[in-house]
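Comments concern the structure below.
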Amino acid sequence: MRVIENDAREADKRRNRSLMQRFATAFMAGDVDAVMLCLAPQFEWHLPDGKVFKGRKAIRRALDQRLNSASGPQFSNVTFRYHGDTVIQTYDVKIKGAGKKVRHTRGLDVYRISNGLIARKDAYWKSFD
């Protein structure tokens, strides 16, 4: 029994890593269609500014605006940490703020995976002036 349980956990880890790799690759490339394939139907996206997007249309619209905008955030130094069906991502982010001033900060996202798809993303950025 123990071996089967460990095998199942290892299979879940591989599945979650594969899912997050597909998601991250699509997100960084601005491929909204590929990102959408990684998201559960009930996906919720909680942004650092407190906005929450729910529903396929709202998510697609937000992704289109965020990923395909010249002034959208740019991410680097991305690291994923896997804890069962919870994934923690840390990264550097560069964004244009007020007056088009470029600002740099650190971010942390917490993902919840359900039935092999991303069900929730909570994004947190260190605040800056």
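Following the order of the structure tokens, chains are lettered A, B, ..., residues in each are numbered from 1, and ligands are numbered from 1.
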
Using only C-alpha atoms, which residues of stretch 63-121 of chain A come within 12 Å of stretch 12-15 of chain A, and what is the closest atom pair for each, with the distance in Å to one decimal? Give it as a Markdown table, sorted by chain and residue number.
```
| residue | atom | partner | partner_atom | distance |
| --- | --- | --- | --- | --- |
| A:Arg81 | CA | A:Lys13 | CA | 10.8 |
| A:Tyr82 | CA | A:Lys13 | CA | 7.6 |
| A:His83 | CA | A:Lys13 | CA | 8.6 |
| A:Gly84 | CA | A:Lys13 | CA | 7.0 |
| A:Asp85 | CA | A:Asp12 | CA | 8.2 |
| A:Thr86 | CA | A:Lys13 | CA | 10.4 |
| A:Val87 | CA | A:Lys13 | CA | 10.3 |
| A:Ile113 | CA | A:Arg15 | CA | 10.2 |
| A:Ser114 | CA | A:Asp12 | CA | 10.8 |
| A:Asn115 | CA | A:Asp12 | CA | 10.0 |
| A:Gly116 | CA | A:Arg15 | CA | 7.1 |
| A:Leu117 | CA | A:Arg15 | CA | 9.6 |
| A:Ile118 | CA | A:Arg15 | CA | 11.6 |
```

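Counting only C-alpha atoms and comparing A:Leu19, A:Ala70, A:Leu63, A:Ala11, the residue that lies closest to A:Ala40 is A:Leu19.
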
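For A:Met28, the residues within 10 Å (counting only C-alpha atoms, excluding itself and residues fewer than 6 positions away along the chain) are Val35, Leu67, Gln74, Phe75 and Ser76 of chain A.
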
Got a sec: who's within 7 Å of A:Trp45, counting only C-alpha atoms, leaving out chain neighbours fewer than 3 positions off, as a ChimeraX atom specification? /A:52-54,120-122

Go ahead and dump the residues you just picked, C-alpha atoms, as an mmCIF file, in the first residue's frame.
```
data_model
loop_
_atom_site.group_PDB
_atom_site.id
_atom_site.type_symbol
_atom_site.label_atom_id
_atom_site.label_comp_id
_atom_site.auth_asym_id
_atom_site.auth_seq_id
_atom_site.Cartn_x
_atom_site.Cartn_y
_atom_site.Cartn_z
ATOM 1 C CA VAL A 52 -10.373 39.533 -8.478
ATOM 2 C CA PHE A 53 -11.206 37.980 -11.830
ATOM 3 C CA LYS A 54 -13.639 35.070 -12.074
ATOM 4 C CA ARG A 120 -6.753 29.715 -8.058
ATOM 5 C CA LYS A 121 -3.887 32.173 -8.276
ATOM 6 C CA ASP A 122 -3.211 34.642 -5.456
#
```

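The two atoms in question, atom CA of A:Arg56 and atom CA of A:Arg17, are spaced 23.3 Å apart.
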
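Atom CA of A:Ile95 sits 28.5 Å away from atom CA of A:Asn16.
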
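Of the listed residues (A:Ser69, A:Tyr124, A:Arg106, A:Ala119), A:Ala119 comes nearest to A:Pro41; the distances count only C-alpha atoms.
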
With distances taken over only C-alpha atoms, which of A:Gly72, A:Val32, A:Gln89, A:Pro48 is nearest to A:Arg60?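 Under the stated criterion, the closest residue is A:Val32.
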